[in-house]
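Quick look at run-v6.csv (CSV, C-alpha atoms):
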```csv
chain,number,residue,atom,x,y,z
C,1,MET,CA,-10.6,276.1,17.2
C,2,LYS,CA,-10.3,275.5,20.9
C,3,CYS,CA,-6.9,277.2,20.9
C,4,ASN,CA,-8.4,280.2,19.1
C,5,ARG,CA,-11.2,280.5,21.7
C,6,ILE,CA,-8.8,280.3,24.6
C,7,VAL,CA,-6.5,282.9,23.2
C,8,GLY,CA,-9.5,285.1,22.1
C,9,SER,CA,-10.8,285.0,25.7
C,10,ILE,CA,-7.5,286.2,27.0
C,11,PHE,CA,-7.4,289.1,24.6
C,12,ARG,CA,-11.1,290.0,25.3
C,13,LYS,CA,-10.3,290.2,29.0
C,14,HIS,CA,-7.3,292.6,28.4
C,15,LEU,CA,-9.0,294.7,25.7
C,16,LYS,CA,-12.5,294.9,27.2
C,17,LYS,CA,-12.3,298.5,28.2
C,18,PHE,CA,-11.4,299.6,24.7
C,19,ASN,CA,-14.5,298.0,23.1
C,20,LEU,CA,-12.4,296.4,20.4
C,21,THR,CA,-12.1,292.8,19.3
C,22,ASP,CA,-8.7,291.2,18.8
C,23,SER,CA,-9.6,291.0,15.1
C,24,GLN,CA,-10.3,294.7,14.9
C,25,LEU,CA,-7.1,295.5,16.8
C,26,SER,CA,-5.1,293.3,14.4
C,27,THR,CA,-6.7,295.1,11.5
C,28,LEU,CA,-5.7,298.5,13.1
C,29,PHE,CA,-2.1,297.2,13.7
C,30,ILE,CA,-1.7,296.1,10.1
C,31,ILE,CA,-3.1,299.3,8.6
C,32,THR,CA,-0.7,301.3,10.8
C,33,LYS,CA,2.3,299.2,10.0
C,34,ALA,CA,1.7,298.7,6.3
C,35,LYS,CA,1.1,302.4,5.7
C,36,SER,CA,-2.0,302.8,3.5
C,37,PRO,CA,-2.7,299.2,2.5
C,38,THR,CA,-5.6,298.3,0.3
C,39,GLN,CA,-8.4,296.2,1.7
C,40,LYS,CA,-7.3,293.2,-0.4
C,41,LEU,CA,-3.7,293.4,0.9
C,42,LEU,CA,-5.2,293.7,4.4
C,43,ALA,CA,-7.2,290.5,4.0
C,44,ASP,CA,-4.2,288.7,2.6
C,45,MET,CA,-1.9,289.8,5.5
C,46,LEU,CA,-4.5,288.9,8.1
C,47,TYR,CA,-5.6,285.6,6.5
C,48,MET,CA,-9.2,286.9,6.8
C,49,ASP,CA,-12.0,286.7,4.3
C,50,LYS,CA,-13.1,290.0,2.7
C,51,SER,CA,-16.4,290.1,4.6
C,52,THR,CA,-14.7,289.9,8.0
C,53,VAL,CA,-12.2,292.6,7.0
C,54,ASN,CA,-15.0,294.8,5.7
C,55,ARG,CA,-17.0,294.4,8.9
C,56,ASN,CA,-13.9,295.3,11.0
C,57,LEU,CA,-13.2,298.3,8.7
C,58,LYS,CA,-16.7,299.6,9.0
C,59,ARG,CA,-16.4,299.7,12.8
C,60,LEU,CA,-12.9,301.2,12.7
C,61,ILE,CA,-14.0,303.9,10.3
C,62,LYS,CA,-17.2,304.6,12.2
C,63,SER,CA,-15.1,305.0,15.4
C,64,GLU,CA,-12.8,307.4,13.4
C,65,TYR,CA,-9.7,305.2,13.9
C,66,VAL,CA,-9.3,304.6,10.2
C,67,ILE,CA,-10.1,306.6,7.0
C,68,LYS,CA,-10.0,305.7,3.4
C,69,SER,CA,-7.1,307.9,2.1
C,70,ASN,CA,-8.4,307.4,-1.4
C,71,ILE,CA,-10.7,305.0,-3.1
C,72,HIS,CA,-8.6,301.9,-2.3
C,73,ASN,CA,-6.1,302.7,0.5
C,74,LEU,CA,-6.6,302.8,4.2
C,75,LYS,CA,-4.9,305.0,6.8
C,76,THR,CA,-4.8,305.2,10.6
C,77,THR,CA,-6.1,308.5,11.9
C,78,GLU,CA,-4.5,310.5,14.7
C,79,LYS,CA,-7.3,309.2,17.0
C,80,GLY,CA,-6.4,305.7,15.9
C,81,LEU,CA,-2.7,306.2,16.7
C,82,VAL,CA,-3.6,307.6,20.2
C,83,LEU,CA,-5.8,304.5,20.8
C,84,LEU,CA,-2.9,302.2,19.8
C,85,GLU,CA,-0.6,303.9,22.3
C,86,GLU,CA,-3.2,303.3,25.0
C,87,VAL,CA,-3.9,299.7,23.9
C,88,ILE,CA,-0.4,298.4,23.4
C,89,PRO,CA,0.4,297.9,27.1
C,90,HIS,CA,-2.8,295.9,27.5
C,91,TRP,CA,-2.1,293.9,24.4
C,92,GLU,CA,1.4,293.2,25.7
C,93,ASN,CA,-0.1,292.0,29.0
C,94,ALA,CA,-2.3,289.6,27.1
C,95,MET,CA,0.7,288.3,25.1
C,96,VAL,CA,2.6,287.7,28.4
C,97,GLU,CA,-0.3,285.8,29.8
C,98,ILE,CA,-0.5,283.6,26.7
C,99,LYS,CA,3.3,283.0,26.7
C,100,ASP,CA,3.2,282.1,30.4
C,101,LEU,CA,0.5,279.5,29.6
C,102,LEU,CA,2.3,278.1,26.7
C,103,GLY,CA,5.8,278.0,28.1
C,104,SER,CA,8.8,278.0,25.8
C,105,GLU,CA,8.0,274.5,24.4
C,106,GLY,CA,4.4,275.5,23.6
C,107,GLU,CA,5.6,278.7,22.0
C,108,LEU,CA,8.0,276.8,19.8
C,109,ALA,CA,5.3,274.3,18.9
C,110,ILE,CA,2.9,277.1,17.9
C,111,ASN,CA,5.7,278.8,15.8
C,112,THR,CA,6.4,275.4,14.1
C,113,VAL,CA,2.7,274.9,13.2
C,114,LEU,CA,2.5,278.5,11.8
C,115,GLN,CA,5.6,277.9,9.6
C,116,LYS,CA,4.0,274.7,8.2
C,117,LEU,CA,0.7,276.4,7.5
C,118,THR,CA,2.1,279.5,5.8
```

Target encoding structure tokens, full file:
Amino acid sequence: MKCNRIVGSIFRKHLKKFNLTDSQLSTLFIITKAKSPTQKLLADMLYMDKSTVNRNLKRLIKSEYVIKSNIHNLKTTEKGLVLLEEVIPHWENAMVEIKDLLGSEGELAINTVLQKLT
């Protein structure tokens, strides 16, 4: 949990001006990449419970970054795509900062832990 809080604080610092959480941004990335996933698929891909996904989706839909393309599928709007173009350099800066903190050995250790958990 401590690792999660440290990484989260780095993302919050870099994403502050966009008024998005790292969780909401991850949700938007997956919706865009998966091309119209269902909410269930989204929850499975993000390893999030349905209530967290639902809360993120409500905010993304209210902000007009995501729409429900039919009853079950989600789609990134043009406004959401524009936001992602703006956000990506800041997200990349956060990733660089995290990788610098971890170093190559730390990054390898994190990847090893993730492989064992999934």

Computed interatomic separation between CA of Gln24 (chain C) and CA of Thr118 (chain C) (Å): 21.6 Å

Residue contacts of Leu42 (chain C) (9 Å, only C-alpha atoms) excluding same-chain residues fewer than 5 positions away, as a PyMOL selection string: chain C and resi 27+30-31+34+37+47-48+50+53

Separation of CA of Leu74 (chain C) from CA of Ile61 (chain C), in Å and rounded to one decimal: 9.7 Å

Selected residue, from C:Asp49, C:Asn54, C:Cys3, C:Lys35, that lies nearest to Leu101 (chain C) when counting all atoms listed in the file: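 Looking only at the distances to Leu101 (chain C), the closest residue turns out to be C:Cys3.
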
Spatial neighbours of region 80-91 of chain C, max dist 9 Å, all atoms listed in the file, sep filter under 4 positions, as a list in words: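 The residues that qualify are Phe11, His14, Leu15, Phe18, Leu25, Leu28, Phe29, Thr32, Leu60, Ser63, Glu64, Tyr65, Val66, Thr76, Met95 and Val96 of chain C.
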
Interatomic distance, CA of Ser36 (chain C) to CA of Ser69 (chain C) (Å, one decimal):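 Computed distance, CA of Ser36 (chain C) to CA of Ser69 (chain C), equals 7.3 Å.
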
Rebuild region 71-92 of chain C so that it carries N, CA, C and O atoms, then output the result as a PDB file, in the coordinates of the input.
```pdb
ATOM      1  N   ILE C  71      -9.726 306.012  -2.839  1.00  0.00           N
ATOM      2  CA  ILE C  71     -10.700 305.000  -3.100  1.00  0.00           C
ATOM      3  C   ILE C  71     -10.322 303.615  -2.546  1.00  0.00           C
ATOM      4  O   ILE C  71     -11.131 302.861  -2.029  1.00  0.00           O
ATOM      5  N   HIS C  72      -9.033 303.283  -2.645  1.00  0.00           N
ATOM      6  CA  HIS C  72      -8.600 301.900  -2.300  1.00  0.00           C
ATOM      7  C   HIS C  72      -7.721 301.785  -1.074  1.00  0.00           C
ATOM      8  O   HIS C  72      -7.592 300.691  -0.549  1.00  0.00           O
ATOM      9  N   ASN C  73      -7.102 302.858  -0.621  1.00  0.00           N
ATOM     10  CA  ASN C  73      -6.100 302.700   0.500  1.00  0.00           C
ATOM     11  C   ASN C  73      -6.715 303.182   1.809  1.00  0.00           C
ATOM     12  O   ASN C  73      -7.574 304.044   1.869  1.00  0.00           O
ATOM     13  N   LEU C  74      -6.183 302.581   2.866  1.00  0.00           N
ATOM     14  CA  LEU C  74      -6.600 302.800   4.200  1.00  0.00           C
ATOM     15  C   LEU C  74      -5.511 303.504   5.015  1.00  0.00           C
ATOM     16  O   LEU C  74      -4.341 303.242   4.767  1.00  0.00           O
ATOM     17  N   LYS C  75      -5.898 304.316   5.980  1.00  0.00           N
ATOM     18  CA  LYS C  75      -4.900 305.000   6.800  1.00  0.00           C
ATOM     19  C   LYS C  75      -5.409 305.146   8.218  1.00  0.00           C
ATOM     20  O   LYS C  75      -6.581 305.407   8.451  1.00  0.00           O
ATOM     21  N   THR C  76      -4.506 304.984   9.167  1.00  0.00           N
ATOM     22  CA  THR C  76      -4.800 305.200  10.600  1.00  0.00           C
ATOM     23  C   THR C  76      -4.894 306.678  10.856  1.00  0.00           C
ATOM     24  O   THR C  76      -4.014 307.430  10.455  1.00  0.00           O
ATOM     25  N   THR C  77      -5.944 307.099  11.549  1.00  0.00           N
ATOM     26  CA  THR C  77      -6.100 308.500  11.900  1.00  0.00           C
ATOM     27  C   THR C  77      -5.266 308.822  13.153  1.00  0.00           C
ATOM     28  O   THR C  77      -4.761 307.919  13.826  1.00  0.00           O
ATOM     29  N   GLU C  78      -5.182 310.088  13.478  1.00  0.00           N
ATOM     30  CA  GLU C  78      -4.500 310.500  14.700  1.00  0.00           C
ATOM     31  C   GLU C  78      -5.204 309.865  15.923  1.00  0.00           C
ATOM     32  O   GLU C  78      -4.547 309.400  16.856  1.00  0.00           O
ATOM     33  N   LYS C  79      -6.531 309.835  15.893  1.00  0.00           N
ATOM     34  CA  LYS C  79      -7.300 309.200  17.000  1.00  0.00           C
ATOM     35  C   LYS C  79      -6.958 307.729  17.080  1.00  0.00           C
ATOM     36  O   LYS C  79      -6.839 307.183  18.181  1.00  0.00           O
ATOM     37  N   GLY C  80      -6.772 307.069  15.946  1.00  0.00           N
ATOM     38  CA  GLY C  80      -6.400 305.700  15.900  1.00  0.00           C
ATOM     39  C   GLY C  80      -5.005 305.437  16.509  1.00  0.00           C
ATOM     40  O   GLY C  80      -4.762 304.474  17.239  1.00  0.00           O
ATOM     41  N   LEU C  81      -4.086 306.350  16.199  1.00  0.00           N
ATOM     42  CA  LEU C  81      -2.700 306.200  16.700  1.00  0.00           C
ATOM     43  C   LEU C  81      -2.705 306.432  18.248  1.00  0.00           C
ATOM     44  O   LEU C  81      -1.978 305.725  18.954  1.00  0.00           O
ATOM     45  N   VAL C  82      -3.521 307.367  18.730  1.00  0.00           N
ATOM     46  CA  VAL C  82      -3.600 307.600  20.200  1.00  0.00           C
ATOM     47  C   VAL C  82      -4.185 306.323  20.849  1.00  0.00           C
ATOM     48  O   VAL C  82      -3.688 305.884  21.889  1.00  0.00           O
ATOM     49  N   LEU C  83      -5.206 305.736  20.232  1.00  0.00           N
ATOM     50  CA  LEU C  83      -5.800 304.500  20.800  1.00  0.00           C
ATOM     51  C   LEU C  83      -4.722 303.406  20.846  1.00  0.00           C
ATOM     52  O   LEU C  83      -4.611 302.713  21.868  1.00  0.00           O
ATOM     53  N   LEU C  84      -3.950 303.257  19.791  1.00  0.00           N
ATOM     54  CA  LEU C  84      -2.900 302.200  19.800  1.00  0.00           C
ATOM     55  C   LEU C  84      -1.917 302.419  20.931  1.00  0.00           C
ATOM     56  O   LEU C  84      -1.511 301.451  21.583  1.00  0.00           O
ATOM     57  N   GLU C  85      -1.530 303.654  21.172  1.00  0.00           N
ATOM     58  CA  GLU C  85      -0.600 303.900  22.300  1.00  0.00           C
ATOM     59  C   GLU C  85      -1.194 303.496  23.612  1.00  0.00           C
ATOM     60  O   GLU C  85      -0.477 302.995  24.476  1.00  0.00           O
ATOM     61  N   GLU C  86      -2.504 303.681  23.758  1.00  0.00           N
ATOM     62  CA  GLU C  86      -3.200 303.300  25.000  1.00  0.00           C
ATOM     63  C   GLU C  86      -3.334 301.760  25.085  1.00  0.00           C
ATOM     64  O   GLU C  86      -3.217 301.170  26.148  1.00  0.00           O
ATOM     65  N   VAL C  87      -3.617 301.135  23.948  1.00  0.00           N
ATOM     66  CA  VAL C  87      -3.900 299.700  23.900  1.00  0.00           C
ATOM     67  C   VAL C  87      -2.689 298.825  24.037  1.00  0.00           C
ATOM     68  O   VAL C  87      -2.740 297.754  24.654  1.00  0.00           O
ATOM     69  N   ILE C  88      -1.582 299.263  23.467  1.00  0.00           N
ATOM     70  CA  ILE C  88      -0.400 298.400  23.400  1.00  0.00           C
ATOM     71  C   ILE C  88       0.026 297.791  24.719  1.00  0.00           C
ATOM     72  O   ILE C  88       0.290 296.589  24.772  1.00  0.00           O
ATOM     73  N   PRO C  89       0.074 298.520  25.826  1.00  0.00           N
ATOM     74  CA  PRO C  89       0.400 297.900  27.100  1.00  0.00           C
ATOM     75  C   PRO C  89      -0.533 296.733  27.478  1.00  0.00           C
ATOM     76  O   PRO C  89      -0.104 295.705  28.008  1.00  0.00           O
ATOM     77  N   HIS C  90      -1.803 296.902  27.197  1.00  0.00           N
ATOM     78  CA  HIS C  90      -2.800 295.900  27.500  1.00  0.00           C
ATOM     79  C   HIS C  90      -2.629 294.671  26.590  1.00  0.00           C
ATOM     80  O   HIS C  90      -2.765 293.522  27.021  1.00  0.00           O
ATOM     81  N   TRP C  91      -2.343 294.940  25.319  1.00  0.00           N
ATOM     82  CA  TRP C  91      -2.100 293.900  24.400  1.00  0.00           C
ATOM     83  C   TRP C  91      -0.837 293.102  24.783  1.00  0.00           C
ATOM     84  O   TRP C  91      -0.821 291.866  24.743  1.00  0.00           O
ATOM     85  N   GLU C  92       0.198 293.825  25.213  1.00  0.00           N
ATOM     86  CA  GLU C  92       1.400 293.200  25.700  1.00  0.00           C
ATOM     87  C   GLU C  92       1.149 292.296  26.914  1.00  0.00           C
ATOM     88  O   GLU C  92       1.707 291.201  27.039  1.00  0.00           O
TER      89      GLU C  92
END
```
